[in-house]
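Novice: Input file: query-v4.cif. Contents: mmCIF, C-alpha atoms and all ligand atoms.
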```cif
data_protein
#
loop_
_atom_site.label_atom_id
_atom_site.label_comp_id
_atom_site.auth_asym_id
_atom_site.auth_seq_id
_atom_site.Cartn_x
_atom_site.Cartn_y
_atom_site.Cartn_z
CA MET Q 1359 53.99 77.23 69.48
CA THR Q 1360 52.41 74.33 67.61
CA PRO Q 1361 48.86 73.63 68.74
CA ILE Q 1362 48.38 70.10 70.04
CA PRO Q 1363 45.86 68.36 67.79
CA SER Q 1364 42.83 67.12 69.67
CA VAL Q 1365 42.16 63.38 69.46
CA ALA Q 1366 38.65 63.75 70.92
CA PRO Q 1367 36.74 63.85 67.57
CA LEU Q 1368 38.52 60.67 66.43
CA ILE Q 1369 37.65 58.78 69.61
CA LEU Q 1370 34.07 60.04 69.43
CA SER Q 1371 33.64 58.86 65.83
CA LEU Q 1372 34.95 55.40 66.78
CA LEU Q 1373 32.47 55.15 69.66
CA LEU Q 1374 29.42 56.39 67.76
CA PRO Q 1375 27.25 53.95 65.82
CA SER Q 1376 27.64 54.37 62.05
CA HIS Q 1377 24.00 55.22 61.29
CA GLN Q 1378 22.88 58.86 61.60
CA ASP Q 1379 20.61 59.80 64.52
CA GLU Q 1380 17.63 62.18 64.06
CA SER Q 1381 18.78 64.55 66.83
CA PRO Q 1382 21.53 67.05 66.06
CA PRO Q 1383 25.01 65.76 66.90
CA ALA Q 1384 26.57 66.86 70.19
CA HIS Q 1385 29.16 69.03 68.44
CA ASP Q 1386 26.47 71.03 66.62
CA THR Q 1387 26.99 74.76 66.83
CA CYS Q 1388 24.42 77.54 67.09
CA GLY Q 1389 25.16 81.11 66.12
CA ALA Q 1390 21.92 82.38 67.67
CA CYS Q 1391 22.78 81.49 71.26
CA ASP Q 1392 26.56 81.12 70.98
CA ASP Q 1393 26.23 77.39 71.75
CA ARG Q 1394 24.70 77.98 75.16
CA GLY Q 1395 21.30 76.59 74.24
CA TRP Q 1396 19.45 79.30 76.17
CA PHE Q 1397 18.90 83.04 76.59
CA ALA Q 1398 18.32 85.03 79.76
CA CYS Q 1399 14.59 85.57 80.31
CA ASN Q 1400 13.99 89.23 79.53
CA ARG Q 1401 11.23 89.65 82.11
CA HIS Q 1402 13.83 90.11 84.88
CA ASP Q 1403 16.21 93.01 85.17
CA GLU Q 1404 19.72 92.82 86.58
CA THR Q 1405 18.64 93.76 90.13
CA GLU Q 1406 16.07 90.99 90.19
CA VAL Q 1407 18.52 88.41 88.86
CA GLU Q 1408 20.93 89.40 91.64
CA LEU Q 1409 18.17 89.03 94.19
CA GLU Q 1410 17.47 85.46 93.05
CA ALA Q 1411 21.05 84.34 93.66
CA ASN Q 1412 20.40 83.30 97.29
CA THR Q 1413 17.40 81.02 96.66
CA ARG Q 1414 17.03 77.75 94.82
CA PHE Q 1415 13.32 78.41 94.53
CA CYS Q 1416 11.42 81.68 94.75
CA SER Q 1417 7.67 81.72 94.21
CA TYR Q 1418 7.79 85.25 92.82
CA VAL Q 1419 9.89 84.32 89.77
CA ALA Q 1420 8.64 80.73 89.56
CA GLY Q 1421 5.36 82.31 88.48
CA CYS Q 1422 7.04 83.84 85.38
CA PRO Q 1423 5.07 82.65 82.31
CA ASP Q 1424 8.20 82.63 80.12
CA CYS Q 1425 10.87 80.95 82.25
CA ARG Q 1426 9.01 79.37 85.23
CA GLY Q 1427 11.66 80.74 87.58
CA THR Q 1428 14.68 79.27 85.81
CA LEU Q 1429 15.54 82.78 84.50
CA GLU Q 1430 16.38 81.09 81.18
CA VAL Q 1431 14.42 80.58 77.97
CA ASP Q 1432 15.29 77.81 75.56
CA CYS Q 1433 16.97 78.73 72.25
CA SER Q 1434 14.51 77.78 69.50
CA ASP Q 1435 17.25 77.53 66.87
CA CYS Q 1436 19.01 74.55 68.38
CA ALA Q 1437 18.59 71.58 70.70
CA LEU Q 1438 21.71 72.28 72.79
CA GLY Q 1439 19.86 73.22 75.97
CA ASP Q 1440 16.52 71.47 75.47
CA ARG Q 1441 16.82 68.77 78.09
CA ARG Q 1442 18.46 70.87 80.78
CA VAL Q 1443 16.01 73.78 80.46
CA ALA Q 1444 13.03 71.39 80.44
CA ASP Q 1445 14.29 69.57 83.55
CA ALA Q 1446 14.91 72.83 85.41
CA ARG Q 1447 11.37 74.06 84.58
CA ALA Q 1448 9.83 70.78 85.66
CA GLU Q 1449 11.70 71.01 88.98
CA GLN Q 1450 10.42 74.56 89.55
CA ASP Q 1451 6.86 73.51 88.65
CA ARG Q 1452 6.97 70.58 91.06
CA TRP Q 1453 8.14 72.87 93.85
CA MET Q 1454 5.34 75.37 93.13
CA GLU Q 1455 2.78 72.54 93.22
CA GLY Q 1456 4.15 71.52 96.62
CA MET Q 1457 3.78 75.08 97.94
CA GLN Q 1458 0.15 75.44 96.82
CA GLU Q 1459 -1.22 73.78 99.95
CA HIS Q 1460 0.35 76.53 102.09
CA TRP Q 1461 -1.22 79.36 100.11
CA ASP Q 1462 -4.55 77.51 100.14
CA ARG Q 1463 -4.39 77.16 103.91
CA PHE Q 1464 -4.12 80.93 104.42
CA HIS Q 1465 -6.27 81.89 101.43
CA HIS Q 1466 -3.67 84.32 100.22
CA ASP Q 1467 -0.46 84.39 98.22
CA PHE Q 1468 2.76 85.50 99.80
CA PRO Q 1469 6.37 85.10 98.65
CA ILE Q 1470 8.01 81.80 99.58
CA GLY Q 1471 11.71 81.24 99.12
CA GLN Q 1472 13.85 78.17 99.57
CA SER Q 1473 17.61 78.25 100.01
CA ASP Q 1474 20.07 75.50 100.92
CA HIS Q 1475 18.93 75.26 104.55
CA PHE Q 1476 15.71 77.28 104.90
CA LEU Q 1477 12.17 77.53 103.63
CA LEU Q 1478 10.87 81.02 104.32
CA PHE Q 1479 7.24 82.19 104.18
CA TRP Q 1480 7.19 85.96 104.02
CA SER Q 1481 3.71 87.27 104.76
CA GLY Q 1482 5.24 90.28 106.46
CA ASP Q 1483 4.31 92.74 103.71
CA LYS Q 1484 6.62 95.62 102.78
CA ILE Q 1485 9.13 96.62 105.42
CA THR Q 1486 11.58 99.42 106.05
CA VAL Q 1487 15.12 98.32 106.83
CA LYS Q 1488 17.69 100.99 107.61
CA ARG Q 1489 15.45 103.64 106.02
CA GLU Q 1490 15.14 101.61 102.83
CA ARG Q 1491 11.67 100.57 101.75
CA LEU Q 1492 11.60 96.93 100.61
CA SER Q 1493 8.83 95.09 98.77
CA ASP Q 1494 7.61 91.81 100.27
CA HIS Q 1495 9.63 89.95 97.64
CA GLU Q 1496 12.81 91.86 98.50
CA ALA Q 1497 12.19 91.40 102.23
CA MET Q 1498 11.91 87.64 101.72
CA HIS Q 1499 15.29 87.53 99.98
CA LEU Q 1500 16.87 89.74 102.65
CA TYR Q 1501 15.73 87.31 105.35
CA VAL Q 1502 16.94 84.30 103.38
CA GLU Q 1503 20.34 85.97 103.32
CA ARG Q 1504 20.16 86.70 107.07
CA LEU Q 1505 19.13 83.13 107.88
CA GLU Q 1506 21.90 81.59 105.79
CA ASP Q 1507 24.33 84.00 107.41
CA LEU Q 1508 23.19 82.86 110.87
CA PHE Q 1509 23.58 79.25 109.76
CA GLU Q 1510 27.22 79.88 108.80
CA ARG Q 1511 27.92 81.72 112.06
CA PHE Q 1512 26.33 78.92 114.04
CA LYS Q 1513 28.63 76.39 112.37
CA ALA Q 1514 31.64 78.59 113.12
CA VAL Q 1515 30.96 78.74 116.87
CA THR Q 1516 30.09 75.06 117.34
CA ALA Q 1517 32.41 73.49 114.72
CA ALA Q 1518 29.32 71.81 113.24
CA GLU Q 1519 29.23 70.94 109.55
CA ASP Q 1520 26.46 70.96 106.94
CA ASP Q 1521 25.97 67.20 107.22
CA ASP Q 1522 25.33 67.48 110.98
CA PHE Q 1523 21.86 69.01 110.30
CA SER Q 1524 18.98 66.82 109.22
CA THR Q 1525 16.12 69.10 108.22
CA LEU Q 1526 15.15 72.01 106.02
CA PHE Q 1527 14.38 74.72 108.60
CA HIS Q 1528 11.04 76.51 108.17
CA VAL Q 1529 10.61 80.15 109.15
CA MET Q 1530 7.26 81.94 108.77
CA VAL Q 1531 6.70 85.67 109.22
CA TRP Q 1532 3.16 87.08 109.41
CA LYS Q 1533 1.80 90.57 109.47
CA ARG Q 1534 -1.64 89.38 110.56
CA PHE Q 1535 -2.10 87.85 113.98
CA ALA Q 1536 -4.77 85.47 112.66
CA HIS Q 1537 -2.32 84.00 110.15
CA ASN Q 1538 0.29 83.40 112.84
CA ARG Q 1539 -2.34 81.75 115.01
CA LEU Q 1540 -3.28 79.41 112.17
CA ALA Q 1541 0.41 78.68 111.45
CA SER Q 1542 1.04 77.95 115.15
CA GLU Q 1543 -1.85 75.55 115.20
CA HIS Q 1544 -0.93 73.77 112.01
CA TYR Q 1545 2.88 73.75 111.87
CA THR Q 1546 4.04 73.96 115.47
CA ASN Q 1547 1.03 72.25 117.02
CA GLN Q 1548 0.34 75.05 119.49
CA PRO Q 1549 -3.22 76.22 119.14
CA ASN Q 1550 -4.21 79.62 120.47
CA PRO Q 1551 -0.73 80.95 121.17
CA ASN Q 1552 -0.79 84.02 123.37
CA VAL Q 1553 2.77 84.84 122.42
CA THR Q 1554 4.13 86.43 119.24
CA GLY Q 1555 6.08 83.37 118.13
CA THR Q 1556 6.01 79.58 118.51
CA LYS Q 1557 8.38 76.86 117.42
CA ARG Q 1558 8.84 73.14 116.98
CA MET Q 1559 12.31 71.80 117.64
CA GLY Q 1560 14.26 68.60 117.20
CA ALA Q 1561 13.95 66.45 114.08
CA VAL Q 1562 12.10 69.34 112.44
CA GLY Q 1563 12.83 73.02 112.95
CA ILE Q 1564 9.88 75.37 112.50
CA TYR Q 1565 9.43 78.91 113.79
CA THR Q 1566 6.41 81.08 113.11
CA VAL Q 1567 6.22 84.69 114.24
CA HIS Q 1568 3.81 87.61 114.13
CA ILE Q 1569 5.26 91.08 113.56
CA ASP Q 1570 3.57 92.79 116.46
CA PRO Q 1571 4.25 96.54 116.56
CA SER Q 1572 2.83 96.76 120.09
CA TYR Q 1573 5.74 94.66 121.39
CA VAL Q 1574 8.42 96.84 119.89
CA ASP Q 1575 10.61 98.87 122.18
CA PRO Q 1576 9.94 102.59 121.50
CA ASP Q 1577 13.65 103.30 120.98
CA GLU Q 1578 13.98 100.78 118.22
CA SER Q 1579 12.33 99.84 114.89
CA ALA Q 1580 10.02 96.90 114.25
CA SER Q 1581 12.49 95.51 111.76
CA ALA Q 1582 15.38 95.44 114.26
CA ASP Q 1583 13.13 93.78 116.82
CA LEU Q 1584 11.98 91.17 114.30
CA TYR Q 1585 15.51 90.45 113.13
CA ARG Q 1586 16.67 89.75 116.69
CA ALA Q 1587 13.63 87.59 117.49
CA ILE Q 1588 14.30 85.48 114.41
CA VAL Q 1589 18.01 85.15 115.16
CA HIS Q 1590 17.27 84.10 118.76
CA ASN Q 1591 14.59 81.57 117.91
CA VAL Q 1592 16.25 80.08 114.85
CA THR Q 1593 19.37 79.50 116.97
CA HIS Q 1594 17.17 77.31 119.20
CA LEU Q 1595 16.06 75.37 116.11
CA LEU Q 1596 19.63 74.89 114.90
CA LEU Q 1597 20.99 73.74 118.25
CA ALA Q 1598 18.04 71.39 118.79
CA ASN Q 1599 18.57 69.76 115.40
CA VAL Q 1600 22.34 69.58 115.01
CA TRP Q 1601 24.06 66.15 115.43
CA ASP Q 1602 21.15 64.26 116.99
CA ALA Q 1603 17.83 66.15 116.76
CA ARG Q 1604 17.59 66.57 120.55
CA TRP Q 1605 16.63 69.75 122.34
CA PRO Q 1606 19.19 70.39 125.12
CA GLY Q 1607 16.78 72.76 126.89
CA GLN Q 1608 15.11 69.81 128.56
CA LEU Q 1609 18.34 67.85 129.20
CA LYS Q 1610 19.80 70.10 131.91
CA GLY Q 1611 21.26 72.14 129.06
CA GLY Q 1612 19.25 75.32 129.54
CA TRP Q 1613 22.51 77.22 129.81
CA ILE Q 1614 23.67 76.35 126.28
CA ASP Q 1615 20.14 76.49 124.83
CA ALA Q 1616 19.34 80.01 126.07
CA GLY Q 1617 22.99 81.11 126.22
CA LEU Q 1618 23.68 80.50 122.54
CA ALA Q 1619 20.37 82.06 121.44
CA HIS Q 1620 21.27 85.21 123.41
CA TYR Q 1621 24.83 85.04 122.08
CA PHE Q 1622 23.66 85.62 118.50
CA GLU Q 1623 21.26 88.39 119.60
CA HIS Q 1624 24.18 90.11 121.24
CA VAL Q 1625 26.46 89.66 118.23
CA LEU Q 1626 23.78 91.36 116.15
CA HIS Q 1627 22.73 94.37 118.24
CA ARG Q 1628 24.56 94.05 121.57
CA ARG Q 1629 21.14 93.55 123.06
CA CYS Q 1630 19.27 90.49 124.32
CA THR Q 1631 15.52 90.89 124.61
CA ASN Q 1632 14.03 87.50 123.76
CA PHE Q 1633 12.89 85.13 126.50
CA CYS Q 1634 11.04 82.20 125.03
CA TYR Q 1635 9.24 81.10 128.17
CA ARG Q 1636 8.80 84.42 129.88
CA GLU Q 1637 6.84 86.53 127.43
CA GLN Q 1638 4.02 86.88 129.93
CA ASP Q 1639 6.24 88.52 132.51
CA THR Q 1640 5.75 92.16 133.27
CA VAL Q 1641 9.53 92.53 133.20
CA ALA Q 1642 10.02 92.03 129.50
CA THR Q 1643 13.75 92.58 129.55
CA PHE Q 1644 16.61 92.30 132.00
CA LYS Q 1645 18.53 95.57 132.40
CA GLY Q 1646 17.24 96.84 129.06
CA GLY Q 1647 18.87 93.90 127.31
CA ARG Q 1648 22.36 95.43 127.57
CA TRP Q 1649 24.15 92.82 129.59
CA ARG Q 1650 27.88 93.48 129.73
CA ALA Q 1651 27.84 95.93 132.66
CA PRO Q 1652 25.26 93.99 134.74
CA VAL Q 1653 27.16 90.72 134.20
CA LYS Q 1654 30.39 92.41 135.28
CA LYS Q 1655 28.61 93.42 138.48
CA LEU Q 1656 27.02 90.01 138.96
CA ALA Q 1657 30.42 88.32 138.68
CA ASN Q 1658 31.42 89.93 141.99
CA LYS Q 1659 28.10 89.46 143.74
CA ARG Q 1660 28.33 86.88 146.52
CA ASN Q 1661 24.83 85.51 146.44
CA ARG Q 1662 24.49 85.05 142.71
CA PRO Q 1663 23.84 81.50 141.50
CA SER Q 1664 27.06 79.58 140.80
CA PHE Q 1665 27.94 78.19 137.39
CA VAL Q 1666 27.55 74.63 138.70
CA GLU Q 1667 24.05 75.42 139.93
CA THR Q 1668 22.87 77.12 136.74
CA ALA Q 1669 24.53 74.64 134.41
CA THR Q 1670 22.18 71.81 135.39
CA LYS Q 1671 18.90 73.65 134.87
CA LYS Q 1672 16.40 73.25 132.10
CA THR Q 1673 15.70 76.33 129.96
CA THR Q 1674 12.30 76.84 131.60
CA GLU Q 1675 13.96 76.96 135.06
CA LEU Q 1676 16.36 79.83 134.35
CA THR Q 1677 15.70 83.15 136.07
CA LEU Q 1678 16.12 86.45 134.21
CA GLU Q 1679 19.43 87.00 135.98
CA GLU Q 1680 20.56 83.54 134.92
CA HIS Q 1681 19.68 84.34 131.32
CA ALA Q 1682 22.30 87.07 131.42
CA LEU Q 1683 24.78 84.75 133.13
CA VAL Q 1684 24.37 81.89 130.64
CA TRP Q 1685 24.82 84.33 127.79
CA SER Q 1686 28.21 85.28 129.25
CA TYR Q 1687 29.20 81.65 129.98
CA CYS Q 1688 28.65 80.78 126.34
CA GLU Q 1689 30.30 83.98 125.15
CA PHE Q 1690 33.37 83.20 127.26
CA LEU Q 1691 33.68 79.60 126.00
CA ILE Q 1692 33.13 80.56 122.36
CA ALA Q 1693 35.72 83.35 122.62
CA THR Q 1694 38.18 80.80 124.04
CA ASP Q 1695 37.61 77.74 121.84
CA PRO Q 1696 34.57 77.28 119.53
CA LYS Q 1697 35.39 73.63 118.86
CA GLY Q 1698 35.54 72.97 122.59
CA PHE Q 1699 32.20 74.74 123.03
CA GLY Q 1700 30.75 72.47 120.32
CA GLU Q 1701 32.04 69.41 122.20
CA ILE Q 1702 30.33 70.61 125.39
CA CYS Q 1703 27.06 71.03 123.45
CA LYS Q 1704 27.41 67.52 121.99
CA ALA Q 1705 27.95 65.96 125.42
CA ILE Q 1706 24.91 67.71 126.93
CA LYS Q 1707 22.75 66.73 123.98
CA ARG Q 1708 23.78 63.11 124.46
CA GLY Q 1709 22.49 63.42 128.02
CA GLU Q 1710 26.01 63.38 129.50
CA SER Q 1711 27.85 65.82 131.74
CA TYR Q 1712 29.78 68.73 130.19
CA ARG Q 1713 32.66 68.10 132.64
CA ASP Q 1714 34.90 65.94 130.45
CA ALA Q 1715 34.72 68.33 127.50
CA LEU Q 1716 35.36 71.29 129.83
CA LYS Q 1717 38.47 69.54 131.15
CA GLU Q 1718 39.74 68.34 127.80
CA HIS Q 1719 39.24 71.51 125.74
CA PHE Q 1720 39.54 74.27 128.34
CA ASP Q 1721 41.52 72.55 131.07
CA LEU Q 1722 38.89 73.72 133.55
CA THR Q 1723 36.76 72.05 136.20
CA PRO Q 1724 33.29 73.40 137.04
CA LEU Q 1725 34.92 75.17 140.01
CA THR Q 1726 37.96 76.67 138.27
CA PHE Q 1727 35.57 77.74 135.49
CA GLU Q 1728 34.31 80.53 137.79
CA ASP Q 1729 37.70 82.24 138.09
CA ALA Q 1730 38.56 81.96 134.40
CA TRP Q 1731 35.11 83.33 133.49
CA LYS Q 1732 35.48 86.22 135.99
CA ARG Q 1733 38.81 87.20 134.42
CA HIS Q 1734 37.14 87.22 131.02
CA VAL Q 1735 34.16 89.29 132.21
CA LYS Q 1736 36.55 91.87 133.68
CA THR Q 1737 37.77 92.65 130.14
CA PHE Q 1738 34.27 93.86 129.09
CA LYS Q 1739 34.53 97.51 128.11
CA ASP Q 1740 30.84 98.41 128.41
ZN ZN I 1 20.88 78.00 70.04
ZN ZN I 2 12.75 86.10 94.23
ZN ZN I 3 11.17 84.77 83.47
ZN ZN I 4 14.88 81.48 123.83
#
```
Spell out the structure here as structure tokens.

Specialist:
Amino acid sequence: MTPIPSVAPLILSLLLPSHQDESPPAHDTCGACDDRGWFACNRHDETEVELEANTRFCSYVAGCPDCRGTLEVDCSDCALGDRRVADARAEQDRWMEGMQEHWDRFHHDFPIGQSDHFLLFWSGDKITVKRERLSDHEAMHLYVERLEDLFERFKAVTAAEDDDFSTLFHVMVWKRFAHNRLASEHYTNQPNPNVTGTKRMGAVGIYTVHIDPSYVDPDESASADLYRAIVHNVTHLLLANVWDARWPGQLKGGWIDAGLAHYFEHVLHRRCTNFCYREQDTVATFKGGRWRAPVKKLANKRNRPSFVETATKKTTELTLEEHALVWSYCEFLIATDPKGFGEICKAIKRGESYRDALKEHFDLTPLTFEDAWKRHVKTFKD
């Protein structure tokens, strides 16, 4: 086969001015770096490089004296990568400067990571996850991965898209109660919180939480408990921001607000134990957080609240029993048609009734909903 001669050099020479520039020409070659213009920074081993893949910025590597977190060092034998490497370093440096105020506020350094949709402060120290001991840096990356995973799952069950969100979500995890109190005061505007976590929802999405071992169920680990609390609360942030930056919990949409937050808890551990407005209750959980069997029973109970009744309440008005019911309402709708469920959420967030979307996407009225939901609940195995 005859190789096709390239016309590119000819065109380039016609376009270039005739005088010689000082900088090396674009088609210069460099044997030292194989024309890449950079080398991998040798301060990071393979495991660490892998870890960095899920963040755009990580304070741990951005502090590297050789690469400033770009994981690349410029090739000194050529100018092929000069501009790009310099720009990437400047971007990392600017980000680190922006983060300094946070470390100053708490008078201590902790890993901060930023991915496509989240900024995560990890002041949670080392943790053990599934019997594996993780450093604070590794824990931060694990939670970035978990948050981005939740983000993708959220989009899948509401048919939302990346462009439908309008903020970089902030999540802050603290080992010390005093740090969480300061974060609550400063970032979520809730001074003296007497709960483990507080959040700010709507146009911004911020959740700060204290890892409190005294809250943890004896038959489970602190890390499982924390994971579920984050999943539950960040779901609130996502739903309150998506499409229009309005929190449905105060727009008679308590059932989708709490229901969806419990939905993701259940997907994770088949347990729902987070009640944002009921932490002070002596009954910390409803039926141990395992809700399939109790909901199956409730479905046949005559005096339980009806769907119509529950589906107009604010989140703060839901009873513990209703928390379990709204979980199953959302679970039923998502299992039937995620796009339709998303349309119901949109309508409620606009301050409208869910009825039209229920009719259009599920062919149900608020009354026929009950029977369809009961049939679904009957299929629960445990
Ligand atoms: Zn080179
Ligand atoms: Zn890192
Ligand atoms: Zn480096
Ligand atoms: Zn909640």

Novice: Between Q:Leu1505, Q:Leu1678, Q:Ala1518, Q:Ala1437, which residue has the minimum interatomic distance to Q:Val1592, considering all atoms listed in the file?

Specialist: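 Looking only at the distances to Q:Val1592, the closest residue turns out to be Q:Leu1505.
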
Novice: May I have the residues within 6 Å of ligand ZN 3 (chain I), computed using all atoms listed in the file, as a ChimeraX atom specification?

Specialist: /Q:1399,1401,1422,1424-1425,1427,1429

Novice: In terms of the shortest atom-to-atom distance over only C-alpha atoms, which of Q:Tyr1545, Q:Tyr1687, Q:Tyr1585, Q:Trp1396 is closest to Q:Arg1442?

Specialist: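 Going through Q:Tyr1545, Q:Tyr1687, Q:Tyr1585, Q:Trp1396 one by one, the smallest distance to Q:Arg1442 is for Q:Trp1396.
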
Novice: Tell me, counting only C-alpha atoms and all ligand atoms, for each residue of chain Q within 7 Å of ligand ZN 2 (chain I), which pair of atoms is nearest and how far apart they are in Å to one decimal, in rows ordered by chain and increasing number, as CSV.

Specialist:
```
residue,atom,partner,partner_atom,distance
Q:Leu1409,CA,I:ZN2,ZN,6.2
Q:Glu1410,CA,I:ZN2,ZN,4.9
Q:Cys1416,CA,I:ZN2,ZN,4.6
Q:Ser1417,CA,I:ZN2,ZN,6.7
Q:Tyr1418,CA,I:ZN2,ZN,5.2
Q:Val1419,CA,I:ZN2,ZN,5.6
Q:Gly1471,CA,I:ZN2,ZN,7.0
Q:His1495,CA,I:ZN2,ZN,6.0
Q:His1499,CA,I:ZN2,ZN,6.4
```

Novice: For the selection just defined, write its residues with C-alpha atoms to a file, as a PDB file, in the coordinates of the input.

Specialist:
```
ATOM      1  CA  LEU Q1409      18.170  89.030  94.190  1.00  0.00           C
ATOM      2  CA  GLU Q1410      17.470  85.460  93.050  1.00  0.00           C
ATOM      3  CA  CYS Q1416      11.420  81.680  94.750  1.00  0.00           C
ATOM      4  CA  SER Q1417       7.670  81.720  94.210  1.00  0.00           C
ATOM      5  CA  TYR Q1418       7.790  85.250  92.820  1.00  0.00           C
ATOM      6  CA  VAL Q1419       9.890  84.320  89.770  1.00  0.00           C
ATOM      7  CA  GLY Q1471      11.710  81.240  99.120  1.00  0.00           C
ATOM      8  CA  HIS Q1495       9.630  89.950  97.640  1.00  0.00           C
ATOM      9  CA  HIS Q1499      15.290  87.530  99.980  1.00  0.00           C
TER      10      HIS Q1499
END
```

Novice: Neighbouring residues of ligand ZN 1 (chain I) are defined here as those with any atom at most 7 Å from a ligand atom, counting all atoms listed in the file; list them as an NGL selection string.

Specialist: :Q and (1388-1396 or 1433-1438)

Novice: Show me which residues line ligand ZN 4 (chain I), defined as having an atom within 7 Å of a ligand atom where all atoms listed in the file count, and present them as a list in words.

Specialist: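 Those residues are His1590, Asn1591, His1594, Ala1616, Ala1619, Asn1632, Phe1633 and Cys1634 of chain Q.
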
Novice: For Q:Glu1430, which residue among Q:Ala1444, Q:Trp1731, Q:Trp1685, Q:Pro1696 is the nearest when counting all atoms listed in the file?

Specialist: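 The shortest atom-to-atom distance to Q:Glu1430 comes from Q:Ala1444.
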
Novice: Each residue of stretch 1433-1510 of chain Q lying at most 12 Å from stretch 1550-1571 of chain Q should get a row with its shortest atom-to-atom pair and the distance in Å to one decimal, counting only C-alpha atoms; could you produce that, ordered by chain and increasing number, as JSON lines?

Specialist:
```
{"residue": "Q:His1475", "atom": "CA", "partner": "Q:Gly1563", "partner_atom": "CA", "distance": 10.6}
{"residue": "Q:Phe1476", "atom": "CA", "partner": "Q:Gly1563", "partner_atom": "CA", "distance": 9.6}
{"residue": "Q:Leu1477", "atom": "CA", "partner": "Q:Ile1564", "partner_atom": "CA", "distance": 9.4}
{"residue": "Q:Leu1478", "atom": "CA", "partner": "Q:Tyr1565", "partner_atom": "CA", "distance": 9.8}
{"residue": "Q:Phe1479", "atom": "CA", "partner": "Q:Thr1566", "partner_atom": "CA", "distance": 9.0}
{"residue": "Q:Trp1480", "atom": "CA", "partner": "Q:Val1567", "partner_atom": "CA", "distance": 10.3}
{"residue": "Q:Ser1481", "atom": "CA", "partner": "Q:His1568", "partner_atom": "CA", "distance": 9.4}
{"residue": "Q:Gly1482", "atom": "CA", "partner": "Q:Ile1569", "partner_atom": "CA", "distance": 7.1}
{"residue": "Q:Asp1483", "atom": "CA", "partner": "Q:Ile1569", "partner_atom": "CA", "distance": 10.0}
{"residue": "Q:Lys1484", "atom": "CA", "partner": "Q:Ile1569", "partner_atom": "CA", "distance": 11.8}
{"residue": "Q:Ile1485", "atom": "CA", "partner": "Q:Ile1569", "partner_atom": "CA", "distance": 10.6}
```

Novice: Under the rule that all atoms listed in the file are counted, which of Q:Glu1408, Q:Asp1467, Q:Asp1615, Q:Asp1575 is the nearest residue to Q:Lys1671?

Specialist: Q:Asp1615

Novice: With distances taken over only C-alpha atoms, which of Q:Ala1517, Q:Ala1598, Q:Ile1614, Q:Val1531 is nearest to Q:Leu1584?

Specialist: Q:Val1531

Novice: Can you pull out every residue within 12 Å of stretch 1714-1724 of chain Q, counting all atoms listed in the file, but drop anything in the same chain fewer than 4 positions away, and send it as JSON, numbers by chain?

Specialist: {"Q": [1664, 1665, 1666, 1667, 1668, 1669, 1670, 1687, 1690, 1691, 1692, 1693, 1694, 1695, 1696, 1697, 1698, 1699, 1700, 1701, 1702, 1703, 1704, 1705, 1706, 1710, 1728, 1729, 1730, 1731]}

Novice: Please tell me which residues are no farther than 12 Å from (1.4, 78.6, 96.1) in the file, counting only C-alpha atoms, and write them as a list of chain:residue names.

Specialist: Q:Cys1416, Q:Ser1417, Q:Tyr1418, Q:Ala1420, Q:Gly1421, Q:Gln1450, Q:Asp1451, Q:Arg1452, Q:Trp1453, Q:Met1454, Q:Glu1455, Q:Gly1456, Q:Met1457, Q:Gln1458, Q:Glu1459, Q:His1460, Q:Trp1461, Q:Asp1462, Q:Arg1463, Q:Phe1464, Q:His1465, Q:His1466, Q:Asp1467, Q:Phe1468, Q:Pro1469, Q:Ile1470, Q:Gly1471, Q:Phe1479

Novice: Okay, now the selection with C-alpha atoms, as a PDB file, in the frame of the given file?

Specialist:
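Result written to selection-v9.pdb:
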```
ATOM      1  CA  CYS Q1416      11.420  81.680  94.750  1.00  0.00           C
ATOM      2  CA  SER Q1417       7.670  81.720  94.210  1.00  0.00           C
ATOM      3  CA  TYR Q1418       7.790  85.250  92.820  1.00  0.00           C
ATOM      4  CA  ALA Q1420       8.640  80.730  89.560  1.00  0.00           C
ATOM      5  CA  GLY Q1421       5.360  82.310  88.480  1.00  0.00           C
ATOM      6  CA  GLN Q1450      10.420  74.560  89.550  1.00  0.00           C
ATOM      7  CA  ASP Q1451       6.860  73.510  88.650  1.00  0.00           C
ATOM      8  CA  ARG Q1452       6.970  70.580  91.060  1.00  0.00           C
ATOM      9  CA  TRP Q1453       8.140  72.870  93.850  1.00  0.00           C
ATOM     10  CA  MET Q1454       5.340  75.370  93.130  1.00  0.00           C
ATOM     11  CA  GLU Q1455       2.780  72.540  93.220  1.00  0.00           C
ATOM     12  CA  GLY Q1456       4.150  71.520  96.620  1.00  0.00           C
ATOM     13  CA  MET Q1457       3.780  75.080  97.940  1.00  0.00           C
ATOM     14  CA  GLN Q1458       0.150  75.440  96.820  1.00  0.00           C
ATOM     15  CA  GLU Q1459      -1.220  73.780  99.950  1.00  0.00           C
ATOM     16  CA  HIS Q1460       0.350  76.530 102.090  1.00  0.00           C
ATOM     17  CA  TRP Q1461      -1.220  79.360 100.110  1.00  0.00           C
ATOM     18  CA  ASP Q1462      -4.550  77.510 100.140  1.00  0.00           C
ATOM     19  CA  ARG Q1463      -4.390  77.160 103.910  1.00  0.00           C
ATOM     20  CA  PHE Q1464      -4.120  80.930 104.420  1.00  0.00           C
ATOM     21  CA  HIS Q1465      -6.270  81.890 101.430  1.00  0.00           C
ATOM     22  CA  HIS Q1466      -3.670  84.320 100.220  1.00  0.00           C
ATOM     23  CA  ASP Q1467      -0.460  84.390  98.220  1.00  0.00           C
ATOM     24  CA  PHE Q1468       2.760  85.500  99.800  1.00  0.00           C
ATOM     25  CA  PRO Q1469       6.370  85.100  98.650  1.00  0.00           C
ATOM     26  CA  ILE Q1470       8.010  81.800  99.580  1.00  0.00           C
ATOM     27  CA  GLY Q1471      11.710  81.240  99.120  1.00  0.00           C
ATOM     28  CA  PHE Q1479       7.240  82.190 104.180  1.00  0.00           C
TER      29      PHE Q1479
END
```
